[in-house]
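Dumped start-v9.txt below, it's compact mmCIF, C-alpha atoms:
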# COMPACT_ATOMS: atom_id res chain seq x y z
CA MET H 1411 -69.24 -64.37 -2.38
CA PHE H 1412 -67.54 -62.14 -4.96
CA SER H 1413 -67.20 -59.24 -2.52
CA ARG H 1414 -65.64 -61.54 0.10
CA HIS H 1415 -63.03 -62.72 -2.42
CA LEU H 1416 -62.41 -59.13 -3.44
CA ARG H 1417 -61.81 -58.07 0.17
CA ALA H 1418 -59.47 -61.01 0.71
CA LEU H 1419 -57.55 -60.14 -2.45
CA SER H 1420 -57.31 -56.52 -1.37
CA LEU H 1421 -55.94 -57.51 2.06
CA PHE H 1422 -53.40 -59.82 0.40
CA LEU H 1423 -52.22 -57.09 -1.98
CA CYS H 1424 -51.91 -54.58 0.88
CA ALA H 1425 -49.86 -57.05 2.92
CA ALA H 1426 -47.62 -57.84 -0.07
CA LEU H 1427 -47.09 -54.13 -0.68
CA LEU H 1428 -46.15 -53.59 2.96
CA VAL H 1429 -43.61 -56.43 2.84
CA ALA H 1430 -42.16 -55.07 -0.41
CA LEU H 1431 -41.67 -51.67 1.21
CA VAL H 1432 -39.95 -53.11 4.28
CA LEU H 1433 -37.79 -55.91 2.78
CA PRO H 1434 -35.22 -55.75 -0.05
CA VAL H 1435 -36.28 -57.44 -3.28
CA GLY H 1436 -35.22 -61.08 -3.31
CA ARG H 1437 -34.10 -61.08 0.33
CA GLY H 1438 -36.06 -62.43 3.27
CA ILE H 1439 -34.43 -60.13 5.83
CA ALA H 1440 -32.90 -56.67 5.79
CA GLU H 1441 -29.38 -56.84 4.37
CA THR H 1442 -26.49 -56.20 6.77
CA ARG H 1443 -23.24 -55.34 5.06
CA LEU H 1444 -19.85 -56.53 6.32
CA LYS H 1445 -17.90 -53.78 8.10
CA VAL H 1446 -14.33 -53.69 6.83
CA VAL H 1447 -11.35 -51.51 7.79
CA ALA H 1448 -8.31 -50.99 5.55
CA THR H 1449 -5.22 -49.41 7.04
CA PHE H 1450 -4.31 -47.14 4.09
CA SER H 1451 -5.52 -45.84 0.74
CA ILE H 1452 -3.85 -48.28 -1.68
CA LEU H 1453 -5.17 -51.24 0.28
CA GLY H 1454 -8.59 -49.62 0.43
CA ASP H 1455 -8.66 -49.36 -3.37
CA TRP H 1456 -7.88 -53.06 -3.75
CA ILE H 1457 -10.66 -54.01 -1.34
CA ALA H 1458 -13.16 -51.71 -3.08
CA ASN H 1459 -12.39 -53.42 -6.41
CA VAL H 1460 -13.11 -56.85 -4.95
CA ALA H 1461 -16.04 -55.99 -2.68
CA ALA H 1462 -17.74 -53.13 -4.58
CA ASP H 1463 -20.95 -52.21 -2.74
CA LYS H 1464 -21.20 -55.41 -0.70
CA ILE H 1465 -19.37 -53.98 2.33
CA GLU H 1466 -19.02 -50.85 4.45
CA LEU H 1467 -15.38 -49.82 3.98
CA LYS H 1468 -13.41 -47.50 6.26
CA VAL H 1469 -9.87 -46.45 5.24
CA LEU H 1470 -7.74 -45.15 8.09
CA VAL H 1471 -4.86 -43.38 6.27
CA GLY H 1472 -6.30 -41.55 3.30
CA PRO H 1473 -4.91 -40.36 -0.05
CA GLY H 1474 -1.71 -38.33 0.09
CA SER H 1475 -1.09 -39.23 3.75
CA ASP H 1476 1.99 -40.94 5.16
CA SER H 1477 1.35 -44.24 6.95
CA HIS H 1478 4.83 -44.16 8.50
CA THR H 1479 4.06 -41.04 10.55
CA TYR H 1480 0.28 -41.33 10.88
CA GLU H 1481 -1.32 -40.54 14.25
CA PRO H 1482 -4.62 -42.39 14.78
CA THR H 1483 -7.76 -40.56 15.88
CA PRO H 1484 -10.62 -41.53 18.22
CA ALA H 1485 -12.74 -42.11 15.10
CA ASP H 1486 -10.21 -44.75 13.97
CA SER H 1487 -10.55 -46.56 17.28
CA ALA H 1488 -14.34 -46.50 16.95
CA ALA H 1489 -14.13 -47.88 13.41
CA LEU H 1490 -11.95 -50.77 14.56
CA SER H 1491 -14.23 -51.49 17.49
CA ASP H 1492 -17.19 -51.86 15.12
CA ALA H 1493 -15.37 -53.78 12.37
CA ASP H 1494 -15.82 -57.38 11.23
CA LEU H 1495 -12.54 -57.52 9.25
CA ILE H 1496 -9.31 -55.51 9.43
CA PHE H 1497 -6.96 -55.66 6.44
CA GLU H 1498 -3.33 -54.62 6.92
CA ILE H 1499 -0.07 -54.92 4.97
CA GLY H 1500 1.94 -56.04 7.99
CA ALA H 1501 5.75 -56.25 8.17
CA GLU H 1502 5.59 -53.21 10.51
CA PHE H 1503 4.34 -50.89 7.77
CA GLU H 1504 1.62 -49.70 10.18
CA PRO H 1505 3.69 -49.19 13.38
CA TRP H 1506 0.75 -47.56 15.18
CA LEU H 1507 -1.75 -50.35 14.49
CA GLU H 1508 -1.04 -52.71 17.40
CA ALA H 1509 -1.66 -50.04 20.03
CA LEU H 1510 -4.78 -48.84 18.18
CA ILE H 1511 -6.24 -52.35 18.01
CA GLU H 1512 -5.56 -52.94 21.69
CA SER H 1513 -7.17 -49.66 22.75
CA SER H 1514 -10.21 -50.24 20.52
CA GLY H 1515 -11.03 -53.61 22.07
CA THR H 1516 -12.04 -54.89 18.65
CA LYS H 1517 -13.04 -58.48 18.06
CA ALA H 1518 -12.56 -58.19 14.30
CA LYS H 1519 -10.52 -60.73 12.37
CA ARG H 1520 -7.17 -59.36 11.21
CA VAL H 1521 -5.97 -60.21 7.72
CA VAL H 1522 -2.23 -59.58 7.25
CA LEU H 1523 -1.70 -59.54 3.51
CA THR H 1524 2.06 -60.16 3.55
CA GLU H 1525 1.84 -63.08 5.96
CA GLY H 1526 3.79 -66.01 4.49
CA PHE H 1527 5.44 -63.85 1.81
CA GLU H 1528 9.16 -64.09 1.17
CA LEU H 1529 9.87 -60.44 1.95
CA LEU H 1530 12.96 -58.46 1.02
CA PRO H 1531 15.26 -57.41 3.85
CA PHE H 1532 15.84 -53.72 4.41
CA GLU H 1533 19.23 -52.49 3.28
CA GLY H 1534 19.65 -48.80 4.06
CA GLU H 1535 22.46 -48.43 1.52
CA HIS H 1536 22.90 -44.78 2.49
CA GLU H 1537 24.09 -46.00 5.90
CA HIS H 1538 26.35 -48.93 5.16
CA GLY H 1539 27.02 -49.13 1.42
CA ASP H 1540 30.08 -48.07 -0.51
CA GLU H 1541 29.83 -44.72 -2.25
CA GLY H 1542 28.76 -45.07 -5.86
CA ASP H 1543 27.43 -48.59 -5.27
CA MET H 1544 23.64 -48.42 -5.39
CA HIS H 1545 21.89 -51.57 -4.29
CA HIS H 1546 19.59 -53.65 -6.46
CA GLY H 1547 16.15 -54.55 -5.16
CA GLY H 1548 16.13 -58.00 -3.63
CA GLU H 1549 19.78 -58.17 -2.58
CA GLY H 1550 21.31 -57.63 0.84
CA GLU H 1551 20.89 -58.95 4.37
CA LYS H 1552 20.99 -56.00 6.77
CA LYS H 1553 18.48 -54.27 9.00
CA ASP H 1554 18.44 -50.49 8.77
CA GLU H 1555 18.64 -47.98 11.59
CA HIS H 1556 18.30 -44.31 10.73
CA GLY H 1557 18.16 -41.30 12.97
CA GLY H 1558 18.14 -43.51 16.05
CA HIS H 1559 14.92 -45.27 15.00
CA GLU H 1560 15.08 -49.01 14.39
CA HIS H 1561 12.68 -50.38 11.79
CA GLY H 1562 11.37 -53.82 11.00
CA GLU H 1563 13.69 -56.35 9.49
CA PHE H 1564 11.75 -56.65 6.25
CA ASP H 1565 10.58 -54.19 3.62
CA PRO H 1566 6.75 -53.86 3.58
CA HIS H 1567 6.43 -51.88 0.30
CA VAL H 1568 5.23 -54.92 -1.66
CA TRP H 1569 2.63 -53.08 -3.76
CA HIS H 1570 5.25 -51.80 -6.23
CA ASP H 1571 5.52 -55.38 -7.57
CA VAL H 1572 2.23 -56.02 -9.35
CA SER H 1573 2.70 -59.80 -9.31
CA LEU H 1574 2.61 -59.65 -5.50
CA VAL H 1575 -0.51 -57.50 -5.57
CA ILE H 1576 -2.27 -60.28 -7.49
CA ARG H 1577 -1.50 -62.65 -4.63
CA MET H 1578 -2.84 -60.14 -2.12
CA ILE H 1579 -6.06 -59.69 -4.11
CA GLU H 1580 -6.58 -63.45 -3.90
CA ARG H 1581 -6.11 -63.23 -0.13
CA ILE H 1582 -8.59 -60.34 0.10
CA ARG H 1583 -11.13 -62.32 -1.95
CA ASP H 1584 -10.78 -65.41 0.22
CA ALA H 1585 -11.11 -63.46 3.48
CA LEU H 1586 -14.25 -61.70 2.26
CA ILE H 1587 -15.80 -64.98 1.11
CA GLU H 1588 -15.03 -66.63 4.46
CA ALA H 1589 -16.66 -63.77 6.35
CA ASP H 1590 -19.58 -63.24 3.96
CA SER H 1591 -20.32 -66.38 1.97
CA ALA H 1592 -23.67 -64.99 0.77
CA ASN H 1593 -21.76 -62.67 -1.55
CA ALA H 1594 -19.10 -65.19 -2.59
CA GLU H 1595 -20.12 -65.07 -6.26
CA ALA H 1596 -19.71 -61.28 -6.44
CA TYR H 1597 -16.35 -61.35 -4.67
CA THR H 1598 -15.09 -64.10 -6.95
CA LEU H 1599 -16.19 -62.36 -10.14
CA ASN H 1600 -14.89 -58.93 -9.09
CA ALA H 1601 -11.53 -60.38 -8.03
CA ALA H 1602 -11.15 -62.24 -11.33
CA GLN H 1603 -11.79 -59.06 -13.31
CA TYR H 1604 -9.35 -57.03 -11.22
CA ILE H 1605 -6.66 -59.73 -11.36
CA ALA H 1606 -6.96 -59.72 -15.15
CA ALA H 1607 -6.40 -55.93 -15.16
CA LEU H 1608 -3.40 -56.34 -12.86
CA GLY H 1609 -1.93 -59.01 -15.11
CA LEU H 1610 -2.11 -56.61 -18.05
CA LEU H 1611 -0.46 -53.89 -15.95
CA ASP H 1612 2.39 -56.19 -14.91
CA ALA H 1613 3.06 -57.16 -18.52
CA GLU H 1614 2.86 -53.51 -19.58
CA ILE H 1615 5.54 -52.51 -17.07
CA LEU H 1616 7.83 -55.42 -17.99
CA ILE H 1617 7.69 -54.39 -21.66
CA ALA H 1618 7.84 -50.60 -21.17
CA VAL H 1619 10.97 -50.55 -19.00
CA ASP H 1620 12.97 -51.70 -22.02
CA GLU H 1621 12.75 -48.08 -23.20
CA VAL H 1622 15.20 -47.15 -20.43
CA PRO H 1623 18.84 -48.04 -21.12
CA GLU H 1624 20.04 -50.59 -18.60
CA ALA H 1625 22.76 -48.26 -17.27
CA ARG H 1626 20.09 -45.68 -16.42
CA ARG H 1627 17.71 -48.02 -14.58
CA ILE H 1628 18.41 -46.39 -11.23
CA LEU H 1629 15.68 -44.95 -9.02
CA ILE H 1630 16.81 -42.41 -6.44
CA THR H 1631 13.85 -41.37 -4.33
CA THR H 1632 12.98 -39.61 -1.08
CA HIS H 1633 12.67 -42.80 0.94
CA GLU H 1634 13.36 -46.44 0.24
CA THR H 1635 10.09 -47.68 -1.21
CA PHE H 1636 10.96 -49.19 -4.61
CA ALA H 1637 12.97 -52.30 -3.73
CA TYR H 1638 10.17 -54.62 -4.91
CA PHE H 1639 9.75 -52.59 -8.09
CA GLY H 1640 13.51 -52.91 -8.63
CA ALA H 1641 13.53 -56.65 -8.03
CA ARG H 1642 10.59 -57.28 -10.38
CA TYR H 1643 11.34 -54.85 -13.18
CA GLY H 1644 15.13 -54.58 -13.17
CA PHE H 1645 16.04 -51.30 -11.44
CA LYS H 1646 18.61 -50.36 -8.82
CA VAL H 1647 17.29 -48.18 -6.00
CA ASP H 1648 18.64 -45.65 -3.51
CA SER H 1649 17.10 -42.99 -1.26
CA ALA H 1650 17.70 -39.86 0.79
CA LEU H 1651 15.87 -40.92 3.95
CA GLY H 1652 16.36 -44.68 4.02
CA VAL H 1653 13.55 -47.05 4.81
CA THR H 1654 10.99 -44.63 6.22
CA THR H 1655 9.92 -41.01 6.28
CA GLU H 1656 10.07 -41.03 10.10
CA ALA H 1657 13.75 -40.02 9.81
CA ALA H 1658 13.04 -36.75 8.02
CA ASP H 1659 16.37 -35.00 8.69
CA PRO H 1660 19.37 -36.80 7.18
CA SER H 1661 22.70 -35.41 8.26
CA ALA H 1662 24.85 -33.22 6.04
CA GLY H 1663 27.24 -36.16 5.65
CA GLU H 1664 24.45 -38.48 4.47
CA ILE H 1665 23.24 -35.92 1.94
CA ALA H 1666 26.78 -35.37 0.65
CA ALA H 1667 27.28 -39.14 0.29
CA LEU H 1668 24.04 -39.48 -1.68
CA ILE H 1669 25.05 -36.61 -3.98
CA GLU H 1670 28.32 -38.38 -4.71
CA ARG H 1671 26.47 -41.61 -5.50
CA ILE H 1672 24.15 -39.73 -7.86
CA LYS H 1673 27.10 -38.19 -9.70
CA ALA H 1674 28.89 -41.52 -9.90
CA ALA H 1675 25.76 -43.24 -11.25
CA GLY H 1676 25.35 -40.67 -14.01
CA VAL H 1677 21.56 -40.60 -13.83
CA PRO H 1678 19.76 -37.63 -15.42
CA ALA H 1679 17.01 -37.36 -12.80
CA ILE H 1680 15.93 -38.21 -9.25
CA PHE H 1681 12.42 -38.46 -7.81
CA ALA H 1682 10.37 -36.97 -4.98
CA ASP H 1683 7.16 -38.65 -3.78
CA ASN H 1684 3.60 -37.73 -2.88
CA VAL H 1685 3.82 -38.26 0.89
CA THR H 1686 6.84 -36.06 1.73
CA ASN H 1687 7.88 -32.44 1.27
CA PRO H 1688 9.93 -32.19 -1.96
CA ARG H 1689 12.35 -29.56 -0.62
CA LEU H 1690 15.03 -32.08 0.38
CA MET H 1691 15.05 -33.68 -3.06
CA GLU H 1692 15.04 -30.24 -4.72
CA GLN H 1693 18.20 -29.40 -2.77
CA ILE H 1694 19.86 -32.69 -3.64
CA ALA H 1695 18.97 -32.33 -7.33
CA ARG H 1696 20.49 -28.82 -7.45
CA GLU H 1697 23.70 -29.86 -5.74
CA ALA H 1698 24.05 -33.02 -7.83
CA GLY H 1699 23.32 -31.16 -11.07
CA VAL H 1700 20.41 -33.39 -12.12
CA LYS H 1701 16.71 -32.88 -12.83
CA LEU H 1702 14.01 -33.45 -10.20
CA ALA H 1703 11.34 -35.45 -12.00
CA PRO H 1704 7.62 -35.10 -11.23
CA SER H 1705 6.69 -36.77 -7.96
CA LEU H 1706 5.94 -40.49 -7.86
CA PHE H 1707 3.06 -42.03 -5.93
CA THR H 1708 4.70 -44.23 -3.33
CA ASP H 1709 2.95 -45.03 -0.04
CA ALA H 1710 -0.47 -43.55 -0.79
CA LEU H 1711 -2.89 -42.90 -3.60
CA GLY H 1712 -3.38 -39.39 -4.93
CA GLU H 1713 -6.44 -37.30 -4.23
CA PRO H 1714 -9.63 -38.02 -6.24
CA GLY H 1715 -9.28 -36.65 -9.75
CA SER H 1716 -5.48 -36.92 -9.73
CA GLU H 1717 -3.32 -39.22 -11.85
CA GLY H 1718 -2.89 -41.44 -8.82
CA GLU H 1719 -6.48 -41.72 -7.62
CA THR H 1720 -6.47 -45.53 -8.06
CA TYR H 1721 -3.76 -48.16 -7.83
CA LEU H 1722 -3.86 -48.87 -11.57
CA LYS H 1723 -3.60 -45.16 -12.38
CA MET H 1724 -0.79 -44.50 -9.89
CA MET H 1725 1.31 -47.36 -11.25
CA ARG H 1726 0.87 -46.16 -14.82
CA HIS H 1727 1.71 -42.58 -13.78
CA ASN H 1728 4.86 -43.83 -12.05
CA LEU H 1729 5.83 -45.89 -15.09
CA ARG H 1730 5.42 -42.96 -17.50
CA THR H 1731 7.27 -40.60 -15.18
CA ILE H 1732 10.21 -42.97 -14.67
CA ILE H 1733 10.58 -43.72 -18.39
CA GLU H 1734 10.39 -40.06 -19.44
CA ALA H 1735 12.90 -38.99 -16.80
CA LEU H 1736 15.48 -41.72 -17.38
CA LYS H 1737 15.33 -42.78 -21.04
Could you rewrite the structure in this file as structure tokens?
Amino acid sequence: MFSRHLRALSLFLCAALLVALVLPVGRGIAETRLKVVATFSILGDWIANVAADKIELKVLVGPGSDSHTYEPTPADSAALSDADLIFEIGAEFEPWLEALIESSGTKAKRVVLTEGFELLPFEGEHEHGDEGDMHHGGEGEKKDEHGGHEHGEFDPHVWHDVSLVIRMIERIRDALIEADSANAEAYTLNAAQYIAALGLLDAEILIAVDEVPEARRILITTHETFAYFGARYGFKVDSALGVTTEAADPSAGEIAALIERIKAAGVPAIFADNVTNPRLMEQIAREAGVKLAPSLFTDALGEPGSEGETYLKMMRHNLRTIIEALK
């Protein structure tokens, strides 16, 4: 009798061990993670903060790369085809995405993070403004055309306003929960922690910009990416290339007009960015007699290990750089 019970116990323990080796602890079936695609690096960082290790994340346009001029690869099409969710900024920030989605045949749900937002219209002050009259973020009604290329009616660079990023994090959280309710608690907790960090960042920027005299709160950059930053934090903005880096060769007349606006504004510095060649801004700075400040992170994160490797780090780098250059 004892030996029979011992054999039965041994068989039970062997079976339990086999199950433990095959199945994850606490789960009845092998875990399948949600497959998520983000269009570019900043968006990918937001999603990673909310989802952590609960998803498989593919970022199409990586750190230091320009989403305006990106050319998709066959691997991108394959990633979309296999995806459950696709997160995008929208407002024509990813002009290549529609064709890529169509060619991939994906059945994934698309989440457009700016959908329903009250977006700022593009201005293109270098085209139609009066010399010396920089525009302030949030004002104006015109669509911009530059170098023969017509862009979307609205500015998609919403991530430079941290208060809008908080709204987009909430949208990311809700989309992940809808697609993967089993991990709803993790998504909710992670989003709450990240939103708290973003709230601190927003307050930090609002306080820190007071170090810059109001007359010097003018951001002149390679392309027009800081309108939302200007509207939120009280800066005027202008650019060499207009709304996008696709128009990479402004005319001599456009450059001369920008130089005159820089001189009239009396700013001590202008700014290059991390997704374009700085040579144009170096030329403009020389001819205008101002300093070229260290590059800002605009449409992409920096490489791992850099001061812009995450969204929080890139925003703090930009803040420090702007204050030091203009105060």
- Message: Under the rule that all atoms listed in the file are counted, which of H:Phe1707, H:Phe1532, H:Trp1569, H:Phe1681 is the nearest residue to Phe1639 (chain H)?
- Response: H:Trp1569
- At what distance in Å, to one decimal, does CA of Thr1483 (chain H) lie from CA of Leu1495 (chain H)? 18.8 Å
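Compared by their closest atoms to Arg1520 (chain H), and using only C-alpha atoms, the residues H:Phe1503, H:Trp1456, H:Phe1636, H:Phe1497 rank with H:Phe1497 nearest.
Of the listed residues (H:Asp1486, H:His1478, H:Lys1517, H:Asn1687), H:His1478 comes nearest to Thr1635 (chain H); the distances count only C-alpha atoms.
With only C-alpha atoms as the atoms that count, the residue of H:Arg1627, H:Glu1498, H:Leu1711, H:Val1622 with the shortest distance to Ile1582 (chain H) is H:Glu1498.
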